[in-house]
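A.B. asks: Before I ask anything, let me first share the structure, which is written out below as structure tokens.
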Amino acid sequence: MEKFYITTPIYYINDKPHIGSAYTTIAADVLARYYRNKGVDTFFLAGTAEHGSKIATSAEKAGKDPQSFADEMSAKFSTAWDVLQITNNDFIRTTEKRHAEAVNKFFLKLKDSGKIYEGEYEGLYCIGHEAFIKESELVNGVCPDHKTKPEMVKEKNWFFKLSEYGPILKEKILSLELVVAPEERKNEILSFIDQGLEDIAISRQNAKFALPLPWDESQTIYVWLDELFNYCTAVGYGTDTEKFNKYWPVDMHLVGKDIIKFHCVIWPALLLAIGEKVPKKVFAHGFFTIDGQKISKTIGNVIDPIEWATKYGPDVVRYFLLREVPFGQDGDISEEKLKLRYSGDLANGLGNLLSRITTLVEKYSPSLVIGEAQLWKTSDNIDELIENYKFHEALAKMWEWVAWGNKAVDENKLWELGKTDVKKFEEISTQILSCLVTTSTHLQPFMPEVSRKILEHLKKEKITKAEPLFPRVQ
RNA sequence: CGCGGGAUAGAGCAAUUGGCAGCUCGUCAGGCUCAUAACCUGAAGGUUCCCGGUUCGAGUCCGGGUCCCGCAACCA
């Protein structure tokens with residue numbers, strides 16, 4: 001692989017970062033770090049989606065103009081990612097000038113493609129929402145939020161002929177030119193396409209806080225499409241051809257399973273219409289429940305990833321989320337479960353092994369150093385697991401090594417060997433230290449800080465008793 | 001019959017192409033003292049949701065049923 005372009009969705013700034021957006025971003029960061037370590041030219045994009053009437057409304061409520069509201073909210077995301085040690089190469093905001101310009105070019109090209117036409121959209125309009133509402137959302141015929149009956153409204157819109165793209169999308173997905181993963185998501189998309197695609201409206205009338213449609217002043221661009229195009233903007237679409245050609249197409253869009261239709265159907269169809277290559281892969285991860293319950297503000301069980309990161313450390317949050325739930329599936333999390341991982345896997349497992357071996361070495365063989373070439377032998381292929389997004393398995397495998405280390409200390413009674421047979425002591429200790437070095441090396445994309453601490457400590461000229469990596473919390 | 005996912009030990013989850021049902025936590029018993037009250041060993045604990053079929057052999061494949069959960073695209 002020569003280059004690796006990976007993206008997270010750009011998050012909607014109507015709310016602060018939550019555990020779900022942190023999860024996607026952490027997973028993307030693991031892959032970005034992994035490929036960077038392998039010497040692959042990696043471009044990792046994150047960002048925020050800032051247009052839409054909801055933002056205008058929220059800004060108004062907060063007594064701010066939309067742009068300063070957006071500035072404030074967007075900053076919460078970029079700081080959150082800093083806290084979580086995310087190494088994105090760029091952070092794009094849809095209210096940036098570069099994006100408006102790129103989107104403008106994109107829509108003009110789209111118009112030239114002949115795949116758009118003027119039409120009429122008819123739907124149920126809720127005055128309270130100031131937006132169209134789906135019939136399926138109604139409760140007893142009224143809007144559940146405003147308790148009012150929506151009106152049937154017609155408005156002029158521009159449409160994209162998505163309906164023409166079913167066969168070609170299907171062909172690209174089946175031929176793996178566009179990989180949709182995991183398998184169950186691919187099946188979902190294929191059956192969705194088989195049900196027949198409908199044309200979509202690409203513009204809205206009078207929408208607040210949205211980009212204008214270049215050729216029709218009365219219309220604004222449907223924010224979803226404006227947002228999808230961020231993936232092109234950030235690598236220089238229309239401004240930096242060299243950069244664009246280098247990184248396009250995207251190697252991996254990492255998304256939540258709720259937005260796969262936008263990424264696997266609408267987005268590739270739009271790209272085909274303007275003559276660009278489709279993404280190579282869209283991977284959808286699952287959703288969390290907390291103690292078996294759906295995460296919801298109403299229930300009040302939302303988790304702030306920054307709170308966890310502050311309390312336990314960013315590496316711990318990264319480890320927990322990727323270890324606890326098989327990537328791609330739904331899973332259940334809670335602070336209790338995090339604490340179990342913290343004390344079990346991290347403090348008692350990895351942390352304790354480092355403590356005991358460094359204490360033993362300092363005490364019985366202070367001159368022992370670990371050479372560069374000494375790597376613990378293992379046939380387990382962590383790289384393969386990471387490249388197949390089996391993060392939980394990769395971590396489980398590494399913790400088998402940690403368990404081996406703890407067992408080796410016990411079985412060889414190192415605390416006795418240190419007094420009776422220094423040569424044998426050094427032999428076993430070197431193996432255990434190498435095991436730690438190997439583990440930490442492979443752990444780097446997941447737990448960069450912890451990995452760095454261990455490696456720095458073990459590669460010093462003199463090995464000394466290490467401070468606890470994971471001190472008791474509370 | 002809209003589409004899709006799931007049901008396995010007290011809890012949470014694994015089990016290539018069908019081949020002795022495993023792991024972590026918890027529980028019980030023992031060992032150790034280097035270590036962050038940490039570590040190691042052993043044990044108990046299962047009608048793999050139900051009914052039927054294919055097979056030498058089914059958690060896995062086929063048919064039927066029950067119960068959960070997502071999605072069903074113009075809020076993002």
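Naming works like this for the structure tokens: A, B, ... for the chains as they're shown, residue 1 at the start of each chain, ligands 1 onward in shown order.
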So which residues of range 46-278 of chain A fall under helix (DSSP H, G or I) by DSSP, listed as number ranges by chain?
C.D. replies: A: 53-61, 66-83, 97-112, 135-137, 162-174, 183-194, 223-228, 230-233, 241-247, 257-273
A.B. asks: Tell me, which residues of range 92-212 of chain A carry DSSP strand (DSSP E or B), written as an NGL selection string?
C.D. replies: :A and (92-93 or 116-126 or 131-133 or 139 or 142 or 151-160 or 179-181 or 200-201 or 203-205 or 212)
A.B. asks: Save out the residues we just selected, N, CA and C atoms, as a tab-separated table (two decimals), in the first residue's frame.
C.D. replies:
chain	number	residue	atom	x	y	z
A	92	ILE	N	-11.51	19.43	9.26
A	92	ILE	CA	-12.27	20.27	8.34
A	92	ILE	C	-13.59	20.71	8.96
A	93	ARG	N	-13.96	21.94	8.65
A	93	ARG	CA	-15.24	22.47	9.10
A	93	ARG	C	-16.01	22.90	7.86
A	116	ILE	N	-29.21	16.09	-12.96
A	116	ILE	CA	-30.11	16.77	-12.04
A	116	ILE	C	-31.22	17.50	-12.81
A	117	TYR	N	-32.33	17.66	-12.14
A	117	TYR	CA	-33.47	18.31	-12.78
A	117	TYR	C	-34.30	19.03	-11.73
A	118	GLU	N	-35.14	19.91	-12.20
A	118	GLU	CA	-35.97	20.67	-11.29
A	118	GLU	C	-37.29	19.92	-11.07
A	119	GLY	N	-37.70	19.85	-9.81
A	119	GLY	CA	-38.93	19.11	-9.55
A	119	GLY	C	-39.64	19.66	-8.33
A	120	GLU	N	-40.58	18.88	-7.86
A	120	GLU	CA	-41.34	19.32	-6.71
A	120	GLU	C	-41.29	18.27	-5.62
A	121	TYR	N	-41.03	18.73	-4.42
A	121	TYR	CA	-41.05	17.79	-3.31
A	121	TYR	C	-42.32	18.03	-2.51
A	122	GLU	N	-42.96	16.92	-2.20
A	122	GLU	CA	-44.17	17.03	-1.41
A	122	GLU	C	-43.97	16.24	-0.13
A	123	GLY	N	-44.33	16.86	0.98
A	123	GLY	CA	-44.15	16.12	2.22
A	123	GLY	C	-44.87	16.78	3.37
A	124	LEU	N	-44.78	16.14	4.52
A	124	LEU	CA	-45.42	16.66	5.72
A	124	LEU	C	-44.46	17.64	6.38
A	125	TYR	N	-44.97	18.85	6.62
A	125	TYR	CA	-44.12	19.89	7.18
A	125	TYR	C	-44.60	20.25	8.57
A	126	CYS	N	-43.66	20.17	9.54
A	126	CYS	CA	-44.02	20.52	10.91
A	126	CYS	C	-43.56	21.94	11.19
A	131	ALA	N	-39.34	22.06	9.58
A	131	ALA	CA	-38.71	21.07	8.72
A	131	ALA	C	-39.72	20.00	8.35
A	132	PHE	N	-39.36	19.22	7.31
A	132	PHE	CA	-40.23	18.11	6.94
A	132	PHE	C	-40.08	17.01	7.98
A	133	ILE	N	-41.15	16.29	8.14
A	133	ILE	CA	-41.16	15.24	9.14
A	133	ILE	C	-41.67	13.97	8.46
A	139	VAL	N	-46.83	10.37	15.91
A	139	VAL	CA	-47.50	9.56	16.92
A	139	VAL	C	-48.97	10.01	16.95
A	142	VAL	N	-49.78	13.19	15.01
A	142	VAL	CA	-49.20	14.50	15.34
A	142	VAL	C	-47.70	14.35	15.63
A	151	GLU	N	-48.54	19.84	8.16
A	151	GLU	CA	-49.29	20.13	6.93
A	151	GLU	C	-48.62	19.49	5.74
A	152	MET	N	-49.42	19.16	4.74
A	152	MET	CA	-48.86	18.66	3.49
A	152	MET	C	-48.39	19.87	2.69
A	153	VAL	N	-47.11	19.93	2.39
A	153	VAL	CA	-46.56	21.09	1.71
A	153	VAL	C	-45.80	20.66	0.46
A	154	LYS	N	-45.90	21.47	-0.56
A	154	LYS	CA	-45.13	21.21	-1.77
A	154	LYS	C	-44.08	22.30	-1.91
A	155	GLU	N	-42.87	21.94	-2.30
A	155	GLU	CA	-41.92	23.01	-2.61
A	155	GLU	C	-41.05	22.63	-3.79
A	156	LYS	N	-40.55	23.64	-4.44
A	156	LYS	CA	-39.68	23.42	-5.59
A	156	LYS	C	-38.31	22.99	-5.08
A	157	ASN	N	-37.76	21.94	-5.68
A	157	ASN	CA	-36.41	21.50	-5.33
A	157	ASN	C	-35.70	21.03	-6.58
A	158	TRP	N	-34.40	20.95	-6.47
A	158	TRP	CA	-33.63	20.29	-7.53
A	158	TRP	C	-33.37	18.86	-7.10
A	159	PHE	N	-33.44	17.97	-8.07
A	159	PHE	CA	-33.30	16.53	-7.78
A	159	PHE	C	-32.10	15.91	-8.49
A	160	PHE	N	-31.59	14.88	-7.88
A	160	PHE	CA	-30.49	14.10	-8.48
A	160	PHE	C	-31.05	12.73	-8.87
A	179	VAL	N	-15.87	-1.74	-1.30
A	179	VAL	CA	-16.07	-2.76	-0.27
A	179	VAL	C	-16.97	-2.20	0.82
A	180	VAL	N	-18.04	-2.90	1.11
A	180	VAL	CA	-18.90	-2.52	2.23
A	180	VAL	C	-18.74	-3.59	3.31
A	181	ALA	N	-18.33	-3.17	4.48
A	181	ALA	CA	-18.06	-4.13	5.55
A	181	ALA	C	-18.65	-3.62	6.85
A	200	ILE	N	-33.27	11.82	-5.32
A	200	ILE	CA	-33.28	12.59	-4.08
A	200	ILE	C	-33.21	14.09	-4.36
A	201	ALA	N	-33.83	14.82	-3.47
A	201	ALA	CA	-33.76	16.28	-3.57
A	201	ALA	C	-32.38	16.71	-3.09
A	203	SER	N	-31.58	20.08	-3.00
A	203	SER	CA	-31.65	21.46	-2.51
A	203	SER	C	-32.91	21.64	-1.69
A	204	ARG	N	-32.93	22.74	-0.95
A	204	ARG	CA	-34.08	23.07	-0.12
A	204	ARG	C	-34.43	24.53	-0.38
A	205	GLN	N	-35.68	24.84	-0.10
A	205	GLN	CA	-36.09	26.21	-0.26
A	205	GLN	C	-35.91	26.92	1.08
A	212	PRO	N	-25.55	28.29	-0.51
A	212	PRO	CA	-26.48	28.54	-1.62
A	212	PRO	C	-26.20	27.62	-2.79
A.B. asks: Using only C-alpha atoms (C1' of nucleotides), which residue out of B:A37, B:A58, B:C67, B:A21 lies closest to chain A?
C.D. replies: B:A37
A.B. asks: Tell me the residues of chain B close to chain A, meaning within 9 Å using only C-alpha atoms (C1' of nucleotides), as a PyMOL selection string.
C.D. replies: chain B and resi 3-5+12-13+25+32-36+38-40+70-76
A.B. asks: With only C-alpha atoms as the basis for distance, which of A:Thr310, A:Thr94, A:Asn206, A:Gln85 is at the shortest distance from Met447 in chain A?
C.D. replies: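 Closest candidate: A:Gln85.
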A.B. asks: Find the residues around Tyr312 in chain A up to 9 Å (only C-alpha atoms (C1' of nucleotides) counted), leave out those fewer than 5 positions away in its own chain, and share them as a ChimeraX atom specification.
C.D. replies: /A:307,317,339,342,470,473
A.B. asks: Just to confirm, what's the straight-line distance from CA of Ile168 in chain A to CA of Phe107 in chain A in Å (one decimal)?
C.D. replies: 21.4 Å
A.B. asks: Give me the residues near Leu270 in chain A as a PyMOL selection string, where near means some atom within 10 Å (using only C-alpha atoms (C1' of nucleotides)) and where sequence neighbours in that chain fewer than 3 positions away do not count.
C.D. replies: chain A and resi 106-107+110+115+160-162+165+225+228-229+265-267+273-276+278
A.B. asks: List as an MDAnalysis selection string the protein and nucleic acid residues near Glu426 in chain A, meaning an atom at most 9 Å away when only C-alpha atoms (C1' of nucleotides) are counted, but skip any in the same chain fewer than 3 places from it.
C.D. replies: chainID A and resid 361 364:365 368 418 421:423 429:431
A.B. asks: Any idea what's packed within 10 Å of Trp215 in chain A, counting only C-alpha atoms (C1' of nucleotides), ignoring anything in its chain fewer than 3 positions away? Could you give it as number ranges by chain?
C.D. replies: A: 104, 107-108, 111, 212, 218-219
A.B. asks: In terms of the shortest atom-to-atom distance over only C-alpha atoms, which of A:Thr464, A:Ser451, A:Thr24, A:Ser367 is closest to Thr7 in chain A?
C.D. replies: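 Under the stated criterion, the closest residue is A:Thr24.
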A.B. asks: Which residue gives the smallest distance to Val103 in chain A among A:Glu60, A:Glu335, A:Glu2, A:Asp226, with only C-alpha atoms counted?
C.D. replies: A:Asp226
A.B. asks: Rounded to one decimal place, report the CA of Ala284 in chain A-CA of Cys264 in chain A distance in Å.
C.D. replies: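 Straight-line distance from CA of Ala284 in chain A to CA of Cys264 in chain A works out to 10.3 Å.
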A.B. asks: For A15 in chain B, work out the shell of residues within 10 Å, counting only C-alpha atoms (C1' of nucleotides) and skipping chain neighbours fewer than 2 positions away, then give it as a VMD selection string.
C.D. replies: chain B and resid 8 21 to 22 59 to 60
A.B. asks: Based on the selection just made, write C-alpha atoms (C1' of nucleotides) of those residues as a PDB file, in the first residue's frame.
C.D. replies:
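Everything below was put into again-v6.pdb:
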ATOM      1  C1'   U B   8     -24.491 -20.357  24.156  1.00  0.00           C
ATOM      2  C1'   A B  21     -18.749 -26.399  23.653  1.00  0.00           C
ATOM      3  C1'   G B  22     -14.176 -22.319  25.187  1.00  0.00           C
ATOM      4  C1'   G B  59     -24.078 -24.291  18.538  1.00  0.00           C
ATOM      5  C1'   U B  60     -22.864 -24.542  13.193  1.00  0.00           C
TER       6        U B  60
END
A.B. asks: Please indicate the distance in Å from CA of Ala80 in chain A to CA of Ala22 in chain A, rounded to one decimal place.
C.D. replies: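 CA of Ala80 in chain A sits 8.3 Å away from CA of Ala22 in chain A.
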